[in-house]
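Source file: run.csv (CSV, C-alpha atoms and all ligand atoms)
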chain,number,residue,atom,x,y,z
A,242,MET,CA,109.3,10.8,160.2
A,243,ILE,CA,106.0,8.9,159.6
A,244,ASP,CA,104.2,7.9,162.8
A,245,LEU,CA,103.6,4.3,162.0
A,246,GLN,CA,101.1,3.7,164.8
A,247,ALA,CA,99.0,6.6,163.7
A,248,PHE,CA,99.2,5.4,160.1
A,249,ALA,CA,98.0,1.9,161.1
A,250,LYS,CA,95.0,3.4,162.8
A,251,TYR,CA,94.4,5.7,159.9
A,252,LYS,CA,94.5,2.8,157.4
A,253,GLU,CA,91.8,1.0,159.3
A,254,GLU,CA,89.6,4.1,159.4
A,255,TYR,CA,90.2,4.6,155.7
A,256,LYS,CA,89.3,1.0,154.9
A,257,ALA,CA,86.0,1.4,156.8
A,258,THR,CA,85.1,4.3,154.5
A,259,LEU,CA,85.3,2.1,151.4
A,260,SER,CA,82.1,0.6,150.2
A,261,ASN,CA,83.9,-2.4,148.7
A,262,PRO,CA,87.4,-2.7,150.0
A,263,ASP,CA,87.9,-6.1,148.5
A,264,LEU,CA,88.2,-4.5,145.1
A,265,MET,CA,91.7,-3.2,146.1
A,266,THR,CA,94.7,-5.4,146.8
A,267,GLU,CA,96.3,-4.9,150.2
A,268,GLU,CA,99.2,-3.1,148.4
A,269,GLU,CA,96.8,-0.7,146.7
A,270,LEU,CA,95.0,0.0,149.9
A,271,GLU,CA,98.2,0.7,151.7
A,272,ASP,CA,99.3,3.0,148.9
A,273,ARG,CA,96.1,5.0,148.9
A,274,ALA,CA,95.9,5.2,152.6
A,275,MET,CA,99.5,6.5,152.8
A,276,LYS,CA,98.8,9.1,150.3
A,277,PHE,CA,95.8,10.5,152.2
A,278,PHE,CA,97.5,10.1,155.5
A,279,LEU,CA,100.4,12.3,154.3
A,280,MET,CA,98.0,14.8,152.8
A,281,ASN,CA,96.2,15.1,156.1
A,282,THR,CA,99.2,15.3,158.3
A,283,SER,CA,102.6,16.5,157.1
A,284,GLU,CA,101.7,18.2,153.8
A,285,GLY,CA,101.3,21.8,155.0
A,286,PRO,CA,100.9,24.6,152.6
A,287,GLU,CA,104.7,25.3,152.7
A,288,LYS,CA,105.4,21.8,151.3
A,289,ILE,CA,103.0,22.3,148.5
A,290,VAL,CA,104.5,25.7,147.5
A,291,GLU,CA,108.0,24.0,147.6
A,292,LYS,CA,106.8,21.3,145.3
A,293,LEU,CA,105.7,23.8,142.7
A,294,THR,CA,108.8,24.6,140.8
A,295,PRO,CA,108.0,26.4,137.6
A,296,MET,CA,111.1,27.1,135.5
A,297,LEU,CA,110.2,30.8,135.3
A,298,SER,CA,108.2,33.4,137.2
A,299,SER,CA,105.0,34.7,135.6
A,300,VAL,CA,106.7,38.0,134.7
A,301,GLN,CA,109.5,36.2,132.9
A,302,ILE,CA,107.1,34.3,130.6
A,303,VAL,CA,106.9,36.1,127.4
A,304,GLY,CA,103.4,37.0,125.9
A,305,MET,CA,100.5,34.7,127.0
A,306,ASP,CA,98.8,38.0,128.0
A,307,GLU,CA,95.2,36.9,127.8
A,308,ALA,CA,95.9,33.9,130.0
A,309,LYS,CA,98.0,35.9,132.4
A,310,ASP,CA,95.3,38.6,132.8
A,311,ILE,CA,92.4,36.3,133.2
A,312,ILE,CA,94.0,34.0,135.8
A,313,THR,CA,95.6,36.8,137.8
A,314,ARG,CA,92.3,38.7,137.9
A,315,ASP,CA,90.3,35.7,138.8
A,316,ILE,CA,92.6,34.8,141.7
A,317,ARG,CA,92.7,38.4,143.0
A,318,LEU,CA,88.9,38.4,143.0
A,319,ARG,CA,88.6,35.0,144.6
A,320,ALA,CA,91.1,36.0,147.3
A,321,ALA,CA,88.8,39.0,148.2
A,322,VAL,CA,85.3,37.7,148.1
A,323,GLU,CA,83.2,34.5,148.1
A,324,THR,CA,82.7,33.2,144.5
A,325,GLU,CA,81.0,30.4,142.7
A,326,GLN,CA,82.9,27.4,141.2
A,327,LYS,CA,84.6,28.5,138.0
A,328,LEU,CA,86.2,26.3,135.2
A,329,ILE,CA,88.6,27.7,132.6
A,330,LEU,CA,90.6,26.1,129.8
A,331,LEU,CA,94.0,27.1,128.4
A,332,GLU,CA,94.3,25.6,124.9
A,333,GLY,CA,97.1,25.9,122.4
A,334,PRO,CA,100.0,24.0,120.8
A,335,SER,CA,102.6,22.1,122.8
A,336,GLY,CA,105.5,24.1,124.3
A,337,VAL,CA,103.9,27.5,124.6
A,338,ALA,CA,104.2,27.6,128.4
A,339,LYS,CA,100.7,26.7,129.5
A,340,THR,CA,101.8,24.5,132.3
A,341,THR,CA,104.7,26.8,133.3
A,342,LEU,CA,102.3,29.8,133.4
A,343,VAL,CA,99.7,28.2,135.6
A,344,GLU,CA,102.4,26.8,138.0
A,345,ALA,CA,104.1,30.2,138.2
A,346,ILE,CA,100.9,32.2,138.9
A,347,VAL,CA,99.6,29.6,141.4
A,348,LYS,CA,102.9,29.5,143.2
A,349,GLU,CA,103.0,33.3,143.4
A,350,SER,CA,99.4,33.3,144.7
A,351,LEU,CA,100.0,30.7,147.4
A,352,ILE,CA,102.9,32.9,148.6
A,353,LYS,CA,100.8,36.0,148.5
A,354,TYR,CA,97.7,34.6,150.1
A,355,PRO,CA,99.0,31.7,152.2
A,356,ASP,CA,95.9,31.6,154.5
A,357,ILE,CA,93.3,31.8,151.7
A,358,PHE,CA,94.2,29.3,149.0
A,359,GLU,CA,95.0,25.6,148.9
A,360,PHE,CA,96.3,24.0,145.7
A,361,HIS,CA,95.6,20.5,144.2
A,362,ARG,CA,96.2,19.0,140.9
A,363,ILE,CA,94.8,15.9,139.2
A,364,ASP,CA,96.2,13.8,136.5
A,365,THR,CA,95.1,10.4,135.2
A,366,THR,CA,97.6,8.6,137.4
A,367,THR,CA,96.1,10.0,140.6
A,368,ILE,CA,92.5,9.0,139.7
A,369,THR,CA,92.8,5.9,137.7
A,370,ARG,CA,93.3,2.3,138.6
A,371,HIS,CA,90.9,-0.4,137.5
A,372,VAL,CA,87.5,0.5,136.1
A,373,THR,CA,85.8,-0.3,139.4
A,374,THR,CA,88.2,1.8,141.6
A,375,THR,CA,88.3,4.9,139.4
A,376,ALA,CA,85.0,6.2,140.7
A,377,ILE,CA,86.2,5.6,144.3
A,378,LEU,CA,89.4,7.5,143.7
A,379,ILE,CA,87.6,10.4,142.1
A,380,ASN,CA,85.1,10.5,145.0
A,381,GLU,CA,87.9,10.5,147.5
A,382,PHE,CA,89.8,13.2,145.7
A,383,PHE,CA,86.8,15.5,145.6
A,384,TYR,CA,86.0,14.7,149.2
A,385,ILE,CA,89.3,16.2,150.2
A,386,ILE,CA,88.6,19.3,148.2
A,387,ARG,CA,85.1,19.6,149.6
A,388,SER,CA,86.3,19.3,153.1
A,389,SER,CA,89.1,21.9,152.7
A,390,LYS,CA,88.9,24.9,154.9
A,391,LYS,CA,90.5,27.1,152.3
A,392,LYS,CA,89.5,28.1,148.8
A,393,VAL,CA,90.8,25.5,146.4
A,394,ILE,CA,92.6,26.1,143.2
A,395,LEU,CA,92.6,22.9,141.2
A,396,PHE,CA,94.9,22.4,138.2
A,397,VAL,CA,94.0,19.7,135.6
A,398,ASP,CA,97.0,19.6,133.3
A,399,GLU,CA,96.8,17.5,130.1
A,400,ALA,CA,93.0,17.9,130.5
A,401,ASP,CA,92.4,15.9,127.3
A,402,GLU,CA,93.5,12.8,129.3
A,403,CYS,CA,91.3,13.3,132.3
A,404,PHE,CA,88.3,14.4,130.3
A,405,ARG,CA,88.8,12.1,127.3
A,406,THR,CA,85.7,12.1,125.1
A,407,ARG,CA,83.3,9.3,125.9
A,408,TYR,CA,82.6,8.7,122.2
A,409,ASN,CA,84.4,5.5,121.3
A,410,ALA,CA,86.2,5.6,124.7
A,411,GLY,CA,87.5,2.6,126.6
A,412,ALA,CA,85.8,1.6,129.9
A,413,ILE,CA,88.2,3.4,132.1
A,414,ALA,CA,88.1,6.7,130.2
A,415,LEU,CA,84.3,6.5,130.2
A,416,GLU,CA,84.2,6.0,133.9
A,417,ARG,CA,86.7,8.8,134.6
A,418,THR,CA,85.0,11.4,132.4
A,419,SER,CA,81.5,10.6,133.7
A,420,ASN,CA,82.5,10.6,137.4
A,421,ILE,CA,84.5,13.9,137.1
A,422,MET,CA,81.5,15.4,135.4
A,423,LYS,CA,79.2,14.4,138.2
A,424,GLN,CA,81.6,16.1,140.7
A,425,PHE,CA,81.7,19.3,138.6
A,426,ASN,CA,77.9,19.3,138.5
A,427,ASN,CA,77.8,19.2,142.3
A,428,GLU,CA,79.4,22.6,142.6
A,429,ILE,CA,81.9,23.5,145.3
A,430,PRO,CA,81.8,27.2,146.4
A,431,ASN,CA,85.1,29.1,145.7
A,432,LEU,CA,86.6,26.2,143.7
A,433,TYR,CA,88.7,27.5,140.8
A,434,ILE,CA,89.5,24.9,138.2
A,435,ILE,CA,92.2,25.7,135.7
A,436,CYS,CA,92.6,23.1,132.9
A,437,ALA,CA,95.3,23.0,130.1
A,438,THR,CA,95.5,21.0,126.9
A,439,ASN,CA,97.1,20.9,123.5
A,440,ARG,CA,94.3,18.7,122.2
A,441,PRO,CA,91.0,20.3,123.0
A,442,LYS,CA,89.2,18.2,120.4
A,443,MET,CA,89.9,15.1,122.6
A,444,ILE,CA,87.9,16.6,125.5
A,445,ASP,CA,84.4,15.4,126.0
A,446,LYS,CA,81.9,17.9,124.5
A,447,ALA,CA,79.8,18.0,127.7
A,448,ILE,CA,82.8,19.1,129.6
A,449,LEU,CA,83.9,21.6,126.9
A,450,GLU,CA,80.5,23.3,127.4
A,451,ARG,CA,81.1,23.8,131.1
A,452,PHE,CA,84.1,26.1,130.6
A,453,GLN,CA,83.3,29.7,131.4
A,454,SER,CA,86.4,30.8,129.5
A,455,ARG,CA,88.4,29.1,126.8
A,456,ILE,CA,91.7,30.9,126.4
A,457,ASN,CA,93.7,30.6,123.3
A,458,CYS,CA,97.5,30.3,123.9
A,459,PRO,CA,99.0,30.7,120.5
A,460,MET,CA,102.6,30.1,119.3
A,461,PRO,CA,104.8,33.1,119.9
A,462,THR,CA,104.7,36.0,117.4
A,463,TRP,CA,108.0,37.0,115.9
A,464,PRO,CA,108.7,39.8,118.4
A,465,GLU,CA,107.8,37.4,121.2
A,466,LEU,CA,110.1,34.7,119.9
A,467,ARG,CA,112.9,37.3,119.8
A,468,ASN,CA,112.3,38.0,123.5
A,469,ILE,CA,112.1,34.3,124.3
A,470,ILE,CA,115.5,33.8,122.5
A,471,ASP,CA,117.0,36.6,124.5
A,472,LEU,CA,115.6,35.2,127.8
A,473,HIS,CA,116.9,31.6,127.3
A,474,MET,CA,120.1,32.4,125.3
A,475,LEU,CA,121.5,35.1,127.5
A,476,PHE,CA,124.7,33.2,127.9
A,477,VAL,CA,125.3,33.3,124.1
A,478,LYS,CA,127.5,36.1,122.8
A,479,ASP,CA,125.4,39.1,121.6
A,480,LYS,CA,126.6,39.0,118.0
A,481,TYR,CA,125.8,35.3,117.7
A,482,ARG,CA,122.4,35.8,119.3
A,483,GLU,CA,121.7,38.4,116.6
A,484,SER,CA,122.4,35.8,113.9
A,485,MET,CA,120.1,33.4,115.7
A,486,HIS,CA,117.2,36.0,115.5
A,487,HIS,CA,117.9,36.1,111.8
A,488,TYR,CA,117.9,32.3,111.5
A,489,PHE,CA,114.6,31.9,113.2
A,490,ILE,CA,112.8,34.7,111.4
A,491,THR,CA,113.8,33.2,108.0
A,492,SER,CA,113.1,29.6,109.0
A,493,PRO,CA,110.0,28.0,107.5
A,494,PHE,CA,109.0,26.4,110.8
A,495,LYS,CA,106.8,27.6,113.7
A,496,TRP,CA,109.1,27.7,116.8
A,497,SER,CA,107.7,27.4,120.3
A,498,GLY,CA,109.3,28.7,123.5
A,499,ARG,CA,110.1,25.1,124.4
A,500,ASP,CA,112.1,24.6,121.2
A,501,ILE,CA,114.2,27.6,122.2
A,502,GLN,CA,114.5,26.4,125.8
A,503,LEU,CA,115.7,22.9,124.6
A,504,LEU,CA,118.2,24.4,122.2
A,505,SER,CA,119.6,26.5,125.1
A,506,LYS,CA,120.1,23.3,127.1
A,507,THR,CA,122.0,21.8,124.2
A,508,PHE,CA,124.2,24.8,123.9
A,509,LYS,CA,124.9,24.8,127.6
A,510,GLU,CA,125.9,21.1,127.4
A,511,ILE,CA,128.3,21.9,124.6
A,512,ILE,CA,129.9,24.7,126.6
A,513,GLN,CA,130.2,22.4,129.6
A,514,SER,CA,131.6,19.4,127.8
A,515,ASN,CA,134.1,21.8,126.3
A,516,LYS,CA,135.3,22.8,129.8
A,517,LEU,CA,135.6,19.1,130.7
A,518,ASP,CA,137.8,18.5,127.6
A,519,ASP,CA,139.9,21.5,128.5
A,520,SER,CA,140.1,22.5,124.9
A,521,ASP,CA,139.5,26.0,123.5
A,522,TYR,CA,136.6,24.8,121.5
A,523,THR,CA,133.8,27.3,122.0
A,524,LEU,CA,130.2,27.8,121.0
A,525,THR,CA,130.9,29.0,117.4
A,526,PRO,CA,128.3,30.2,114.9
A,527,GLU,CA,128.9,27.0,112.9
A,528,ILE,CA,128.0,24.8,115.9
A,529,ILE,CA,125.0,27.0,116.6
A,530,THR,CA,123.7,26.7,113.1
A,531,LEU,CA,124.3,22.9,113.1
A,532,GLU,CA,122.3,22.4,116.3
A,533,ILE,CA,119.5,24.6,115.1
A,534,THR,CA,119.3,22.7,111.8
A,535,ARG,CA,119.2,19.4,113.8
A,536,LYS,CA,116.3,20.7,115.8
A,537,ALA,CA,114.5,21.9,112.7
A,538,SER,CA,114.9,18.5,111.1
A,539,SER,CA,113.5,16.8,114.3
A,540,LYS,CA,110.5,19.1,113.8
A,541,MET,CA,110.1,17.8,110.3
A,542,HIS,CA,109.8,14.2,111.7
A,543,LEU,CA,107.4,15.4,114.3
A,544,LYS,CA,105.1,16.8,111.6
A,545,ASP,CA,104.9,13.3,110.1
A,546,ASP,CA,104.4,11.5,113.4
A,547,TYR,CA,101.9,13.9,114.9
A,548,LEU,CA,98.2,13.7,114.1
A,549,GLU,CA,97.8,17.4,113.3
A,550,ASP,CA,94.0,17.1,112.9
A,551,GLU,CA,93.4,16.0,116.4
B,1,LIG,N1,106.3,32.3,126.2
B,1,LIG,C1,107.4,31.8,126.8
B,1,LIG,N2,108.3,32.5,127.5
B,1,LIG,C2,109.3,32.0,128.0
B,1,LIG,N3,109.6,30.7,128.0
B,1,LIG,C3,108.8,29.9,127.3
B,1,LIG,C4,107.7,30.4,126.7
B,1,LIG,N4,107.0,29.4,126.1
B,1,LIG,C5,107.7,28.2,126.4
B,1,LIG,N5,108.8,28.5,127.1
B,1,LIG,C6,109.7,27.5,127.7
B,1,LIG,O1,109.3,26.2,127.3
B,1,LIG,C7,109.1,25.5,128.5
B,1,LIG,C8,108.0,24.5,128.3
B,1,LIG,O2,106.7,25.0,128.4
B,1,LIG,P1,105.5,24.2,129.0
B,1,LIG,O3,105.8,22.8,129.3
B,1,LIG,O4,104.9,25.0,130.1
B,1,LIG,O5,104.5,24.2,127.7
B,1,LIG,P2,103.1,23.7,127.5
B,1,LIG,O6,102.3,24.7,126.8
B,1,LIG,O7,102.5,23.2,128.9
B,1,LIG,O8,103.3,22.4,126.6
B,1,LIG,P3,102.4,21.0,126.5
B,1,LIG,O9,101.1,21.4,125.7
B,1,LIG,O10,103.3,20.1,125.7
B,1,LIG,O11,102.2,20.5,127.9
B,1,LIG,C9,108.9,26.5,129.6
B,1,LIG,O12,109.2,26.0,130.8
B,1,LIG,C10,109.8,27.6,129.2
B,1,LIG,O13,111.1,27.4,129.6
B,2,MG,MG,101.9,21.4,129.6
Show how you would write the structure in this file as structure tokens.
Amino acid sequence: MIDLQAFAKYKEEYKATLSNPDLMTEEELEDRAMKFFLMNTSEGPEKIVEKLTPMLSSVQIVGMDEAKDIITRDIRLRAAVETEQKLILLEGPSGVAKTTLVEAIVKESLIKYPDIFEFHRIDTTTITRHVTTTAILINEFFYIIRSSKKKVILFVDEADECFRTRYNAGAIALERTSNIMKQFNNEIPNLYIICATNRPKMIDKAILERFQSRINCPMPTWPELRNIIDLHMLFVKDKYRESMHHYFITSPFKWSGRDIQLLSKTFKEIIQSNKLDDSDYTLTPEIITLEITRKASSKMHLKDDYLEDE
């Protein structure tokens, strides 16, 4: 339950911290104040851990060894000693488990070191409104991080959005990138910033230069893809799964873990709808081949849609 009286008081205090509160509508002000109110009151570390729900644990994620090693090592070190601010970037194609890996390792670290770390994430929606309010939102966000009593792990997913290059950028993107960069320059001890992107070329050059590590997260190799198929398709009969391995190895496309995970969802739906119909129609090799072919053809479209040179 929200203590409305306490919130009303908080809102007034919050309003007093704004240099130009008239730039926000009453609704926006209420919205922002509520967010910070909740952050400062009811959002204990347990809640944050609960909210992080990666689909897999870090051990289950196949491959991604370099990223796993670096992040795990960094966090272990940071738990033990005082460190300087560090900024790293995971870059690689869409669907190779960048987001899932970061969420999994962070969740496991928050459980392992509940008194040491605090987790925050930013995306463009949390720090963008109008041009004039973007700087305020970014300042507020970093104010919370600066005043944290714990060591902060900050996750910037889709980093190409938050750090969009200022070259040819619109006013909001320009404002956002410049203000975040100012915050990064005013370093916060112990702050660990993990960023992820599938479009590193869209990131502002000045920010790219600030990454201590840029970790390549490639598409899975064939043996890795085999393990990913086994992980996500465990419910498919062994002999059919064997033929799936064969299909993927001979396919002209590059398959990501997400492709496999999405296909596994389709297969699960087929099995379920089957039970609803109460027929004896099962997941047959023909259906498996049909669905994989469909997925392959949707990848063909993607190739046309997607700006590969970005
Ligand atoms: N190496 C892998 N091992 C196991 N599962 C994987 C792997 N790669 C992808 N997956 C599956 O694909 C899902 C999607 O991955 P995720 O969203 O983390 O990819 P991403 O790299 O962040 O993509 P994007 O660049 O589009 O944000 C994962 O939750 C997982 O189920
Ligand atoms: Mg992602």
Counting all atoms listed in the file, what are the residues of chain A within 6 Å of ligand LIG 1 (chain B), and for each of them which pair of atoms is the nearest and at what distance in Å, to one decimal? Sort the table by chain and rising number, as a tab-separated table.
residue	atom	partner	partner_atom	distance
A:Met296	CA	B:LIG1	O12	5.2
A:Ile302	CA	B:LIG1	N2	3.8
A:Val303	CA	B:LIG1	N2	3.9
A:Gly304	CA	B:LIG1	N1	5.5
A:Pro334	CA	B:LIG1	O9	5.7
A:Ser335	CA	B:LIG1	O9	3.3
A:Gly336	CA	B:LIG1	O5	3.5
A:Val337	CA	B:LIG1	O6	3.9
A:Ala338	CA	B:LIG1	O4	3.2
A:Lys339	CA	B:LIG1	O6	3.7
A:Thr340	CA	B:LIG1	O7	3.7
A:Thr341	CA	B:LIG1	O4	3.7
A:Thr438	CA	B:LIG1	O9	5.7
A:Asn439	CA	B:LIG1	O9	4.6
A:Ile469	CA	B:LIG1	C2	5.2
A:Gly498	CA	B:LIG1	C5	3.3
A:Arg499	CA	B:LIG1	O1	3.2
A:Gln502	CA	B:LIG1	O13	5.2
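Atom pair CA of Ser298 in chain A / CA of Ile456 in chain A: separated by 19.9 Å.
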What does the distance from CA of Pro295 in chain A to CA of Glu349 in chain A come to in Å, to one decimal?
10.3 Å
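Closest approach to Cys403 in chain A among A:Arg440, A:Arg455, A:Lys516, A:His542: A:Arg440, based on all atoms listed in the file.
Our summary of the geometry notes that CA of Leu342 in chain A is positioned 7.5 Å from CA of Lys309 in chain A.
With distances taken over only C-alpha atoms and all ligand atoms, A:Leu331 is the one residue among A:Leu472, A:Ala414, A:Leu449, A:Leu331 lying closest to ligand MG 2 (chain B).
Nearest to ligand MG 2 (chain B) of all the residues A:Cys436, A:Leu504, A:Leu531, A:Ala249 is A:Cys436, based on only C-alpha atoms and all ligand atoms.
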Is there a way to complete range 321-336 of chain A with N, CA and C atoms and then write that out as a PDB file, keeping the file's coordinate frame?
ATOM      1  N   ALA A 321      89.536  37.913 147.503  1.00  0.00           N
ATOM      2  CA  ALA A 321      88.800  39.000 148.200  1.00  0.00           C
ATOM      3  C   ALA A 321      87.416  38.616 148.642  1.00  0.00           C
ATOM      4  N   VAL A 322      86.699  37.931 147.767  1.00  0.00           N
ATOM      5  CA  VAL A 322      85.300  37.700 148.100  1.00  0.00           C
ATOM      6  C   VAL A 322      84.914  36.202 147.838  1.00  0.00           C
ATOM      7  N   GLU A 323      83.728  35.846 148.302  1.00  0.00           N
ATOM      8  CA  GLU A 323      83.200  34.500 148.100  1.00  0.00           C
ATOM      9  C   GLU A 323      82.731  34.407 146.620  1.00  0.00           C
ATOM     10  N   THR A 324      83.050  33.325 145.936  1.00  0.00           N
ATOM     11  CA  THR A 324      82.700  33.200 144.500  1.00  0.00           C
ATOM     12  C   THR A 324      82.107  31.825 144.242  1.00  0.00           C
ATOM     13  N   GLU A 325      81.521  31.708 143.061  1.00  0.00           N
ATOM     14  CA  GLU A 325      81.000  30.400 142.700  1.00  0.00           C
ATOM     15  C   GLU A 325      82.139  29.580 142.028  1.00  0.00           C
ATOM     16  N   GLN A 326      81.899  28.298 141.860  1.00  0.00           N
ATOM     17  CA  GLN A 326      82.900  27.400 141.200  1.00  0.00           C
ATOM     18  C   GLN A 326      83.103  27.973 139.746  1.00  0.00           C
ATOM     19  N   LYS A 327      84.354  28.001 139.321  1.00  0.00           N
ATOM     20  CA  LYS A 327      84.600  28.500 138.000  1.00  0.00           C
ATOM     21  C   LYS A 327      85.612  27.504 137.276  1.00  0.00           C
ATOM     22  N   LEU A 328      85.365  27.295 135.982  1.00  0.00           N
ATOM     23  CA  LEU A 328      86.200  26.300 135.200  1.00  0.00           C
ATOM     24  C   LEU A 328      86.706  27.023 133.980  1.00  0.00           C
ATOM     25  N   ILE A 329      88.023  27.059 133.831  1.00  0.00           N
ATOM     26  CA  ILE A 329      88.600  27.700 132.600  1.00  0.00           C
ATOM     27  C   ILE A 329      89.550  26.722 131.918  1.00  0.00           C
ATOM     28  N   LEU A 330      89.747  26.965 130.622  1.00  0.00           N
ATOM     29  CA  LEU A 330      90.600  26.100 129.800  1.00  0.00           C
ATOM     30  C   LEU A 330      91.646  26.890 129.054  1.00  0.00           C
ATOM     31  N   LEU A 331      92.922  26.543 129.228  1.00  0.00           N
ATOM     32  CA  LEU A 331      94.000  27.100 128.400  1.00  0.00           C
ATOM     33  C   LEU A 331      94.219  26.125 127.254  1.00  0.00           C
ATOM     34  N   GLU A 332      94.084  26.557 126.034  1.00  0.00           N
ATOM     35  CA  GLU A 332      94.300  25.600 124.900  1.00  0.00           C
ATOM     36  C   GLU A 332      95.284  26.231 123.931  1.00  0.00           C
ATOM     37  N   GLY A 333      96.153  25.408 123.406  1.00  0.00           N
ATOM     38  CA  GLY A 333      97.100  25.900 122.400  1.00  0.00           C
ATOM     39  C   GLY A 333      98.172  24.822 122.210  1.00  0.00           C
ATOM     40  N   PRO A 334      99.013  25.038 121.204  1.00  0.00           N
ATOM     41  CA  PRO A 334     100.000  24.000 120.800  1.00  0.00           C
ATOM     42  C   PRO A 334     100.958  23.675 121.972  1.00  0.00           C
ATOM     43  N   SER A 335     101.638  22.574 121.801  1.00  0.00           N
ATOM     44  CA  SER A 335     102.600  22.100 122.800  1.00  0.00           C
ATOM     45  C   SER A 335     103.784  23.077 122.896  1.00  0.00           C
ATOM     46  N   GLY A 336     104.236  23.319 124.124  1.00  0.00           N
ATOM     47  CA  GLY A 336     105.500  24.100 124.300  1.00  0.00           C
ATOM     48  C   GLY A 336     105.334  25.584 124.353  1.00  0.00           C
TER      49      GLY A 336
END
